[in-house]
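Participant: One file: protein_3.cif (mmCIF, C-alpha atoms).
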```cif
data_target
#
loop_
_atom_site.group_PDB
_atom_site.id
_atom_site.type_symbol
_atom_site.label_atom_id
_atom_site.label_comp_id
_atom_site.auth_asym_id
_atom_site.auth_seq_id
_atom_site.Cartn_x
_atom_site.Cartn_y
_atom_site.Cartn_z
ATOM 1 C CA MET A 1 0.000 0.000 0.000
ATOM 2 C CA ASP A 2 1.059 3.558 -0.639
ATOM 3 C CA THR A 3 -0.127 7.015 0.341
ATOM 4 C CA SER A 4 -0.643 10.004 -1.909
ATOM 5 C CA ASP A 5 0.196 13.616 -1.092
ATOM 6 C CA ASP A 6 -3.382 14.200 0.122
ATOM 7 C CA GLY A 7 -3.178 11.264 2.564
ATOM 8 C CA THR A 8 -5.185 8.772 0.506
ATOM 9 C CA ILE A 9 -4.040 5.194 1.124
ATOM 10 C CA PHE A 10 -4.115 3.088 -2.023
ATOM 11 C CA THR A 11 -3.099 -0.220 -3.507
ATOM 12 C CA ARG A 12 -1.290 -0.322 -6.816
ATOM 13 C CA ARG A 13 -2.431 -3.780 -7.877
ATOM 14 C CA GLY A 14 -3.335 -5.793 -4.798
ATOM 15 C CA GLY A 15 -1.409 -8.765 -3.569
ATOM 16 C CA GLY A 16 -2.864 -9.792 -0.236
ATOM 17 C CA GLY A 17 -1.126 -7.485 2.219
ATOM 18 C CA TRP A 18 -2.514 -5.693 5.260
ATOM 19 C CA TYR A 19 -1.935 -2.146 6.519
ATOM 20 C CA MET A 20 -2.529 -2.663 10.266
ATOM 21 C CA THR A 21 -2.652 -0.205 13.149
ATOM 22 C CA LYS A 22 0.182 -0.434 15.653
ATOM 23 C CA LYS A 23 -2.290 0.148 18.456
ATOM 24 C CA GLU A 24 -4.935 -2.348 19.527
ATOM 25 C CA TYR A 25 -8.535 -1.207 19.906
ATOM 26 C CA ALA A 26 -11.393 -2.662 21.953
ATOM 27 C CA ASN A 27 -14.509 -0.533 21.447
ATOM 28 C CA PHE A 28 -14.386 1.925 18.574
ATOM 29 C CA ASP A 29 -16.180 3.856 15.864
ATOM 30 C CA LEU A 30 -14.293 3.654 12.564
ATOM 31 C CA HIS A 31 -15.232 5.986 9.743
ATOM 32 C CA LEU A 32 -13.563 6.007 6.352
ATOM 33 C CA GLU A 33 -14.232 6.362 2.676
ATOM 34 C CA ILE A 34 -13.397 3.630 0.181
ATOM 35 C CA LYS A 35 -13.209 3.653 -3.608
ATOM 36 C CA LEU A 36 -13.160 0.390 -5.558
ATOM 37 C CA SER A 37 -12.046 -0.219 -9.127
ATOM 38 C CA ALA A 38 -13.848 -2.697 -11.368
ATOM 39 C CA ASN A 39 -13.558 -6.237 -9.920
ATOM 40 C CA ALA A 40 -11.855 -4.969 -6.743
ATOM 41 C CA ASP A 41 -11.810 -7.244 -3.694
ATOM 42 C CA THR A 42 -10.661 -5.905 -0.323
ATOM 43 C CA GLY A 43 -11.513 -5.842 3.356
ATOM 44 C CA ILE A 44 -11.312 -4.082 6.688
ATOM 45 C CA ALA A 45 -10.038 -6.050 9.678
ATOM 46 C CA PHE A 46 -11.027 -5.434 13.293
ATOM 47 C CA ARG A 47 -9.790 -6.809 16.637
ATOM 48 C CA ASN A 48 -7.192 -8.993 14.955
ATOM 49 C CA SER A 49 -4.004 -10.378 16.424
ATOM 50 C CA THR A 50 -0.769 -10.150 14.468
ATOM 51 C CA ASP A 51 -0.512 -13.958 14.478
ATOM 52 C CA THR A 52 -3.526 -14.605 12.241
ATOM 53 C CA ASP A 53 -4.655 -13.682 8.750
ATOM 54 C CA PRO A 54 -7.859 -11.640 8.974
ATOM 55 C CA SER A 55 -9.077 -13.070 5.664
ATOM 56 C CA PHE A 56 -9.084 -16.657 6.855
ATOM 57 C CA ASP A 57 -9.056 -16.870 10.646
ATOM 58 C CA GLY A 58 -9.665 -13.355 11.864
ATOM 59 C CA ASN A 59 -12.278 -10.672 11.446
ATOM 60 C CA GLN A 60 -12.507 -9.245 7.937
ATOM 61 C CA ILE A 61 -15.428 -7.172 6.772
ATOM 62 C CA GLN A 62 -15.599 -7.745 3.032
ATOM 63 C CA PHE A 63 -15.803 -5.064 0.336
ATOM 64 C CA VAL A 64 -16.114 -6.047 -3.327
ATOM 65 C CA ASP A 65 -17.157 -4.378 -6.544
ATOM 66 C CA ALA A 66 -20.901 -4.919 -6.977
ATOM 67 C CA ALA A 67 -20.376 -6.548 -10.393
ATOM 68 C CA ILE A 68 -18.592 -9.547 -8.864
ATOM 69 C CA SER A 69 -20.378 -9.573 -5.506
ATOM 70 C CA GLU A 70 -23.466 -11.209 -7.038
ATOM 71 C CA LYS A 71 -21.489 -14.366 -7.845
ATOM 72 C CA TRP A 72 -20.150 -14.945 -4.330
ATOM 73 C CA PRO A 73 -21.650 -16.515 -1.193
ATOM 74 C CA GLY A 74 -23.340 -14.256 1.346
ATOM 75 C CA ASP A 75 -20.433 -13.959 3.761
ATOM 76 C CA SER A 76 -18.256 -12.717 0.880
ATOM 77 C CA GLN A 77 -20.618 -9.871 -0.009
ATOM 78 C CA THR A 78 -19.864 -6.259 0.920
ATOM 79 C CA GLY A 79 -20.507 -5.709 4.617
ATOM 80 C CA GLY A 80 -20.361 -9.361 5.689
ATOM 81 C CA ILE A 81 -17.659 -10.991 7.805
ATOM 82 C CA ILE A 82 -15.797 -13.416 5.542
ATOM 83 C CA GLY A 83 -16.495 -17.026 6.515
ATOM 84 C CA VAL A 84 -18.856 -16.023 9.332
ATOM 85 C CA VAL A 85 -21.966 -14.073 8.350
ATOM 86 C CA GLY A 86 -23.294 -12.239 5.329
ATOM 87 C CA PRO A 87 -24.798 -8.765 5.405
ATOM 88 C CA GLN A 88 -28.441 -8.524 6.441
ATOM 89 C CA LYS A 89 -29.058 -5.919 3.776
ATOM 90 C CA ARG A 90 -27.288 -5.528 0.474
ATOM 91 C CA ALA A 91 -24.814 -2.655 0.543
ATOM 92 C CA VAL A 92 -25.723 0.234 -1.700
ATOM 93 C CA LEU A 93 -22.384 0.911 -3.337
ATOM 94 C CA LYS A 94 -21.874 3.887 -5.564
ATOM 95 C CA PRO A 95 -20.723 3.229 -9.135
ATOM 96 C CA THR A 96 -17.178 1.945 -9.579
ATOM 97 C CA GLY A 97 -14.648 4.740 -9.090
ATOM 98 C CA GLU A 98 -16.796 6.797 -6.687
ATOM 99 C CA TRP A 99 -16.173 7.213 -2.951
ATOM 100 C CA ASN A 100 -18.316 5.225 -0.489
ATOM 101 C CA ALA A 101 -18.747 6.138 3.189
ATOM 102 C CA VAL A 102 -18.163 3.287 5.644
ATOM 103 C CA ASP A 103 -18.949 3.328 9.361
ATOM 104 C CA ILE A 104 -18.023 0.384 11.584
ATOM 105 C CA VAL A 105 -18.902 0.447 15.276
ATOM 106 C CA VAL A 106 -17.708 -2.288 17.622
ATOM 107 C CA LYS A 107 -18.763 -2.133 21.261
ATOM 108 C CA GLY A 108 -18.526 -5.224 23.419
ATOM 109 C CA ASP A 109 -19.836 -8.079 21.287
ATOM 110 C CA ARG A 110 -21.959 -5.762 19.128
ATOM 111 C CA LEU A 111 -20.905 -5.023 15.532
ATOM 112 C CA ASN A 112 -22.656 -2.505 13.296
ATOM 113 C CA VAL A 113 -21.613 -1.841 9.693
ATOM 114 C CA LYS A 114 -23.056 0.948 7.554
ATOM 115 C CA VAL A 115 -22.247 1.643 3.914
ATOM 116 C CA ASN A 116 -23.329 5.021 2.531
ATOM 117 C CA GLY A 117 -25.633 5.489 5.520
ATOM 118 C CA THR A 118 -27.414 2.136 5.110
ATOM 119 C CA ALA A 119 -27.101 -0.403 7.927
ATOM 120 C CA VAL A 120 -25.952 -3.624 6.250
ATOM 121 C CA LEU A 121 -24.884 -5.682 9.277
ATOM 122 C CA ASP A 122 -25.926 -5.413 12.919
ATOM 123 C CA CYS A 123 -25.024 -8.463 14.951
ATOM 124 C CA ASP A 124 -23.885 -9.882 18.262
ATOM 125 C CA LEU A 125 -20.504 -11.537 17.692
ATOM 126 C CA ALA A 126 -21.130 -13.896 20.629
ATOM 127 C CA ASN A 127 -23.805 -15.579 18.488
ATOM 128 C CA PHE A 128 -21.002 -17.013 16.333
ATOM 129 C CA LYS A 129 -18.848 -18.511 19.123
ATOM 130 C CA GLN A 130 -19.185 -21.948 17.496
ATOM 131 C CA MET A 131 -17.042 -20.560 14.639
ATOM 132 C CA THR A 132 -13.997 -19.686 16.758
ATOM 133 C CA LYS A 133 -12.189 -22.863 15.700
ATOM 134 C CA GLN A 134 -12.041 -21.530 12.119
ATOM 135 C CA HIS A 135 -11.880 -17.866 13.195
ATOM 136 C CA PRO A 136 -9.891 -17.711 16.469
ATOM 137 C CA ASP A 137 -9.925 -13.897 16.563
ATOM 138 C CA LEU A 138 -13.722 -13.692 16.306
ATOM 139 C CA LEU A 139 -14.355 -13.128 20.011
ATOM 140 C CA ARG A 140 -11.188 -11.164 20.844
ATOM 141 C CA LYS A 141 -11.960 -8.153 23.005
ATOM 142 C CA THR A 142 -9.102 -6.042 21.578
ATOM 143 C CA GLY A 143 -6.965 -6.098 18.467
ATOM 144 C CA HIS A 144 -5.628 -4.278 15.457
ATOM 145 C CA ILE A 145 -7.640 -2.552 12.737
ATOM 146 C CA GLY A 146 -6.446 -3.134 9.193
ATOM 147 C CA LEU A 147 -6.976 -2.182 5.570
ATOM 148 C CA GLN A 148 -6.412 -4.849 2.949
ATOM 149 C CA SER A 149 -4.664 -4.867 -0.399
ATOM 150 C CA TRP A 150 -6.011 -7.911 -2.224
ATOM 151 C CA ASP A 151 -7.221 -7.435 -5.788
ATOM 152 C CA GLY A 152 -7.770 -4.413 -7.996
ATOM 153 C CA LEU A 153 -7.169 -0.770 -7.224
ATOM 154 C CA VAL A 154 -8.609 0.199 -3.845
ATOM 155 C CA GLU A 155 -8.337 3.600 -2.185
ATOM 156 C CA PHE A 156 -9.058 4.618 1.420
ATOM 157 C CA ARG A 157 -9.283 8.177 2.732
ATOM 158 C CA ASN A 158 -10.531 10.180 5.712
ATOM 159 C CA VAL A 159 -9.791 7.269 8.055
ATOM 160 C CA LYS A 160 -10.891 8.194 11.572
ATOM 161 C CA ILE A 161 -10.904 5.903 14.597
ATOM 162 C CA LYS A 162 -12.700 7.078 17.725
ATOM 163 C CA GLU A 163 -12.239 4.951 20.833
ATOM 164 C CA LEU A 164 -15.448 4.258 22.731
ATOM 165 C CA PRO A 165 -15.760 3.499 26.451
#
```
Please re-express this file's structure in structure tokens.

Facilitator:
Amino acid sequence: MDTSDDGTIFTRRGGGGWYMTKKEYANFDLHLEIKLSANADTGIAFRNSTDTDPSFDGNQIQFVDAAISEKWPGDSQTGGIIGVVGPQKRAVLKPTGEWNAVDIVVKGDRLNVKVNGTAVLDCDLANFKQMTKQHPDLLRKTGHIGLQSWDGLVEFRNVKIKELP
């Protein structure tokens, strides 16, 4: 991942890396904007350890270009947690190349994801405790927040993390 002069974080061509916070967060409100290219596939990690891959055994909220999202299972759709749960409402993404507002609030076991003001996932993470064998970070109470470089050009800007009590 790289940054531009205006502070935008972007991927040149993907490749599977993560841009993780040094600090660990427990309860937080994360706001950012994301822009996806055609066929882009990326994610936002939360409460992850540095010993696991958020895509496979951690907590990755998926973001994919709407054109390819239709072909994938529910938990791989924008706003779902990969391998755990799909979004309850389909994310209303703007056309490819336009900025989308993302709000992720994690407080205790509660997770709320909004895309462009629409609530797409509101769940209690404790309801998925049977999945901790495949996703050991799922019920962590603190961890790193990360932005993924996987496939296609993806840009992030106006990243703001507010810690909550």

Participant: Run through the PyMOL selection byres ((chain A and resi 44) around 7) on the given coordinates and return the selected residues as a count of residues only.

Facilitator: 9

Participant: Using only C-alpha atoms for the distances, tell me which of A:Lys160, A:Arg110, A:Lys71, A:Arg140 is nearest to Leu125 in chain A.

Facilitator: A:Arg110

Participant: Could you please determine the separation between CA of Met20 in chain A and CA of Gly152 in chain A in Å, to one decimal place?

Facilitator: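 According to the coordinates, CA of Met20 in chain A and CA of Gly152 in chain A are separated by 19.1 Å.
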
Participant: Using the chain letters and numbers from this file, what does the PyMOL selection byres ((chain A and resi 77) around 10) select? Give the answer as an mmCIF file with C-alpha atoms, in the frame of the given file.

Facilitator:
```cif
data_model
loop_
_atom_site.group_PDB
_atom_site.id
_atom_site.type_symbol
_atom_site.label_atom_id
_atom_site.label_comp_id
_atom_site.auth_asym_id
_atom_site.auth_seq_id
_atom_site.Cartn_x
_atom_site.Cartn_y
_atom_site.Cartn_z
ATOM 1 C CA ASP A 41 -11.810 -7.244 -3.694
ATOM 2 C CA ILE A 61 -15.428 -7.172 6.772
ATOM 3 C CA GLN A 62 -15.599 -7.745 3.032
ATOM 4 C CA PHE A 63 -15.803 -5.064 0.336
ATOM 5 C CA VAL A 64 -16.114 -6.047 -3.327
ATOM 6 C CA ASP A 65 -17.157 -4.378 -6.544
ATOM 7 C CA ALA A 66 -20.901 -4.919 -6.977
ATOM 8 C CA ILE A 68 -18.592 -9.547 -8.864
ATOM 9 C CA SER A 69 -20.378 -9.573 -5.506
ATOM 10 C CA GLU A 70 -23.466 -11.209 -7.038
ATOM 11 C CA LYS A 71 -21.489 -14.366 -7.845
ATOM 12 C CA TRP A 72 -20.150 -14.945 -4.330
ATOM 13 C CA PRO A 73 -21.650 -16.515 -1.193
ATOM 14 C CA GLY A 74 -23.340 -14.256 1.346
ATOM 15 C CA ASP A 75 -20.433 -13.959 3.761
ATOM 16 C CA SER A 76 -18.256 -12.717 0.880
ATOM 17 C CA THR A 78 -19.864 -6.259 0.920
ATOM 18 C CA GLY A 79 -20.507 -5.709 4.617
ATOM 19 C CA GLY A 80 -20.361 -9.361 5.689
ATOM 20 C CA ILE A 81 -17.659 -10.991 7.805
ATOM 21 C CA ILE A 82 -15.797 -13.416 5.542
ATOM 22 C CA VAL A 85 -21.966 -14.073 8.350
ATOM 23 C CA GLY A 86 -23.294 -12.239 5.329
ATOM 24 C CA PRO A 87 -24.798 -8.765 5.405
ATOM 25 C CA ARG A 90 -27.288 -5.528 0.474
ATOM 26 C CA ALA A 91 -24.814 -2.655 0.543
#
```

Participant: Do you know which residues the PyMOL selection byres ((chain A and resi 113) around 8) returns on this file, as a list in words?

Facilitator: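 In the shown coordinates, the PyMOL selection byres ((chain A and resi 113) around 8) covers Gly79, Val102, Asp103, Ile104, Val105, Leu111, Asn112, Lys114, Val115, Ala119, Val120, Leu121 and Asp122 of chain A.
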
Participant: Suppose you want the space between CA of His31 in chain A and CA of Leu139 in chain A; what is it in Å?

Facilitator: 21.7 Å

Participant: Kindly indicate which residue among A:Ala126, A:Ala67, A:Ala40, A:Leu93 lies nearest to Leu138 in chain A, using only C-alpha atoms for the distances.

Facilitator: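 Going through A:Ala126, A:Ala67, A:Ala40, A:Leu93 one by one, the smallest distance to Leu138 in chain A is for A:Ala126.
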
Participant: Could you pull out every residue with an atom within 6 Å of (-11.7, -14.0, 12.4), file coordinates, counting all atoms listed in the file, and send them as a list in words?

Facilitator: Pro54, Asp57, Gly58, Asn59, His135, Pro136, Asp137 and Leu138 of chain A

Participant: Just the number, please: distance in Å from CA of Gly83 in chain A to CA of Asp124 in chain A, one decimal.

Facilitator: 15.6 Å

Participant: Using all atoms listed in the file, which of the listed residues (A:Thr52, A:Gln134, A:Ser37, A:Asn127) sits closest to Asn100 in chain A?

Facilitator: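 With all atoms listed in the file as the atom set, the closest residue is A:Ser37.
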
Participant: So that I can see what lies close to Thr21 in chain A, please list as a short mmCIF file (atom, residue, chain, number, x, y, z; two decimals) with C-alpha atoms, in the coordinates of the input the residues with an atom at most 10 Å from it, counting only C-alpha atoms and leaving out residues fewer than 2 positions away in the same chain.

Facilitator:
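And here is the file that came out, part_25.cif:
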```cif
data_model
loop_
_atom_site.label_atom_id
_atom_site.label_comp_id
_atom_site.auth_asym_id
_atom_site.auth_seq_id
_atom_site.Cartn_x
_atom_site.Cartn_y
_atom_site.Cartn_z
CA TRP A 18 -2.51 -5.69 5.26
CA TYR A 19 -1.94 -2.15 6.52
CA LYS A 23 -2.29 0.15 18.46
CA GLU A 24 -4.93 -2.35 19.53
CA TYR A 25 -8.54 -1.21 19.91
CA PHE A 46 -11.03 -5.43 13.29
CA GLY A 143 -6.96 -6.10 18.47
CA HIS A 144 -5.63 -4.28 15.46
CA ILE A 145 -7.64 -2.55 12.74
CA GLY A 146 -6.45 -3.13 9.19
CA LEU A 147 -6.98 -2.18 5.57
#
```

Participant: Using only C-alpha atoms, which of the listed residues (A:Ala101, A:Glu163, A:Val84, A:Asp109) sits closest to Lys133 in chain A?

Facilitator: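 Looking at the shortest contact to Lys133 in chain A, the residue is A:Val84.
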
Participant: For Trp99 in chain A, which residue out of A:Lys22, A:Arg47, A:Arg157, A:Lys162 is the nearest one, using all atoms listed in the file?

Facilitator: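 The answer is A:Arg157, which sits nearest to Trp99 in chain A.
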
Participant: Which centre and edge lengths in Å to one decimal define the box along x, y and z that fits every listed atom of range 144-161 of chain A plus 8 Å per side, as AutoDock Vina command-line options?

Facilitator:
```
--center_x -7.8 --center_y 1.1 --center_z 3.7 --size_x 22.2 --size_y 34.1 --size_z 39.5
```

Participant: Kindly complete range 102-136 of chain A to N, CA and C atoms; the output should be written as a CSV table (one decimal), in the coordinates of the input.

Facilitator:
```
chain,number,residue,atom,x,y,z
A,102,VAL,N,-18.1,4.5,4.8
A,102,VAL,CA,-18.2,3.3,5.6
A,102,VAL,C,-18.1,3.7,7.1
A,103,ASP,N,-19.0,3.1,7.9
A,103,ASP,CA,-18.9,3.3,9.4
A,103,ASP,C,-19.0,1.9,10.0
A,104,ILE,N,-18.1,1.6,10.9
A,104,ILE,CA,-18.0,0.4,11.6
A,104,ILE,C,-17.9,0.7,13.1
A,105,VAL,N,-18.9,0.2,13.8
A,105,VAL,CA,-18.9,0.4,15.3
A,105,VAL,C,-18.8,-0.9,16.0
A,106,VAL,N,-17.9,-1.1,16.8
A,106,VAL,CA,-17.7,-2.3,17.6
A,106,VAL,C,-17.7,-1.9,19.1
A,107,LYS,N,-18.7,-2.4,19.8
A,107,LYS,CA,-18.8,-2.1,21.3
A,107,LYS,C,-19.2,-3.4,22.0
A,108,GLY,N,-18.3,-3.9,22.8
A,108,GLY,CA,-18.5,-5.2,23.4
A,108,GLY,C,-18.6,-6.3,22.3
A,109,ASP,N,-19.6,-7.1,22.3
A,109,ASP,CA,-19.8,-8.1,21.3
A,109,ASP,C,-20.7,-7.6,20.1
A,110,ARG,N,-21.1,-6.3,20.2
A,110,ARG,CA,-22.0,-5.8,19.1
A,110,ARG,C,-21.1,-5.2,18.0
A,111,LEU,N,-21.5,-5.5,16.7
A,111,LEU,CA,-20.9,-5.0,15.5
A,111,LEU,C,-22.0,-4.4,14.7
A,112,ASN,N,-21.7,-3.2,14.2
A,112,ASN,CA,-22.7,-2.5,13.3
A,112,ASN,C,-21.9,-2.0,12.1
A,113,VAL,N,-22.3,-2.3,10.9
A,113,VAL,CA,-21.6,-1.8,9.7
A,113,VAL,C,-22.6,-1.1,8.8
A,114,LYS,N,-22.2,0.1,8.5
A,114,LYS,CA,-23.1,0.9,7.6
A,114,LYS,C,-22.2,1.3,6.3
A,115,VAL,N,-22.9,1.2,5.2
A,115,VAL,CA,-22.2,1.6,3.9
A,115,VAL,C,-23.1,2.7,3.3
A,116,ASN,N,-22.6,3.9,3.1
A,116,ASN,CA,-23.3,5.0,2.5
A,116,ASN,C,-24.6,5.3,3.3
A,117,GLY,N,-24.5,5.2,4.6
A,117,GLY,CA,-25.6,5.5,5.5
A,117,GLY,C,-26.6,4.4,5.7
A,118,THR,N,-26.5,3.3,5.0
A,118,THR,CA,-27.4,2.1,5.1
A,118,THR,C,-26.8,1.1,6.0
A,119,ALA,N,-27.6,0.7,7.1
A,119,ALA,CA,-27.1,-0.4,7.9
A,119,ALA,C,-27.2,-1.7,7.2
A,120,VAL,N,-26.0,-2.4,7.0
A,120,VAL,CA,-26.0,-3.6,6.2
A,120,VAL,C,-25.7,-4.8,7.2
A,121,LEU,N,-25.1,-4.6,8.3
A,121,LEU,CA,-24.9,-5.7,9.3
A,121,LEU,C,-25.0,-5.1,10.7
A,122,ASP,N,-25.8,-5.7,11.5
A,122,ASP,CA,-25.9,-5.4,12.9
A,122,ASP,C,-26.0,-6.8,13.6
A,123,CYS,N,-25.0,-7.1,14.3
A,123,CYS,CA,-25.0,-8.5,15.0
A,123,CYS,C,-24.3,-8.5,16.3
A,124,ASP,N,-24.6,-9.6,17.0
A,124,ASP,CA,-23.9,-9.9,18.3
A,124,ASP,C,-22.8,-11.0,17.9
A,125,LEU,N,-21.6,-10.6,18.0
A,125,LEU,CA,-20.5,-11.5,17.7
A,125,LEU,C,-20.5,-12.8,18.5
A,126,ALA,N,-21.1,-12.7,19.8
A,126,ALA,CA,-21.1,-13.9,20.6
A,126,ALA,C,-22.0,-15.0,20.0
A,127,ASN,N,-22.9,-14.6,19.1
A,127,ASN,CA,-23.8,-15.6,18.5
A,127,ASN,C,-23.0,-16.5,17.6
A,128,PHE,N,-21.8,-16.2,17.3
A,128,PHE,CA,-21.0,-17.0,16.3
A,128,PHE,C,-19.8,-17.7,17.0
A,129,LYS,N,-19.9,-17.9,18.4
A,129,LYS,CA,-18.8,-18.5,19.1
A,129,LYS,C,-18.5,-19.9,18.6
A,130,GLN,N,-19.5,-20.6,18.0
A,130,GLN,CA,-19.2,-21.9,17.5
A,130,GLN,C,-18.2,-21.9,16.3
A,131,MET,N,-17.9,-20.7,15.8
A,131,MET,CA,-17.0,-20.6,14.6
A,131,MET,C,-15.6,-20.2,15.0
A,132,THR,N,-15.3,-20.1,16.3
A,132,THR,CA,-14.0,-19.7,16.8
A,132,THR,C,-12.9,-20.7,16.4
A,133,LYS,N,-13.2,-21.9,16.1
A,133,LYS,CA,-12.2,-22.9,15.7
A,133,LYS,C,-11.6,-22.4,14.3
A,134,GLN,N,-12.5,-22.0,13.4
A,134,GLN,CA,-12.0,-21.5,12.1
A,134,GLN,C,-11.6,-20.1,12.2
A,135,HIS,N,-12.2,-19.3,13.1
A,135,HIS,CA,-11.9,-17.9,13.2
A,135,HIS,C,-11.5,-17.5,14.6
A,136,PRO,N,-10.3,-17.9,15.1
A,136,PRO,CA,-9.9,-17.7,16.5
A,136,PRO,C,-9.9,-16.3,17.0
```
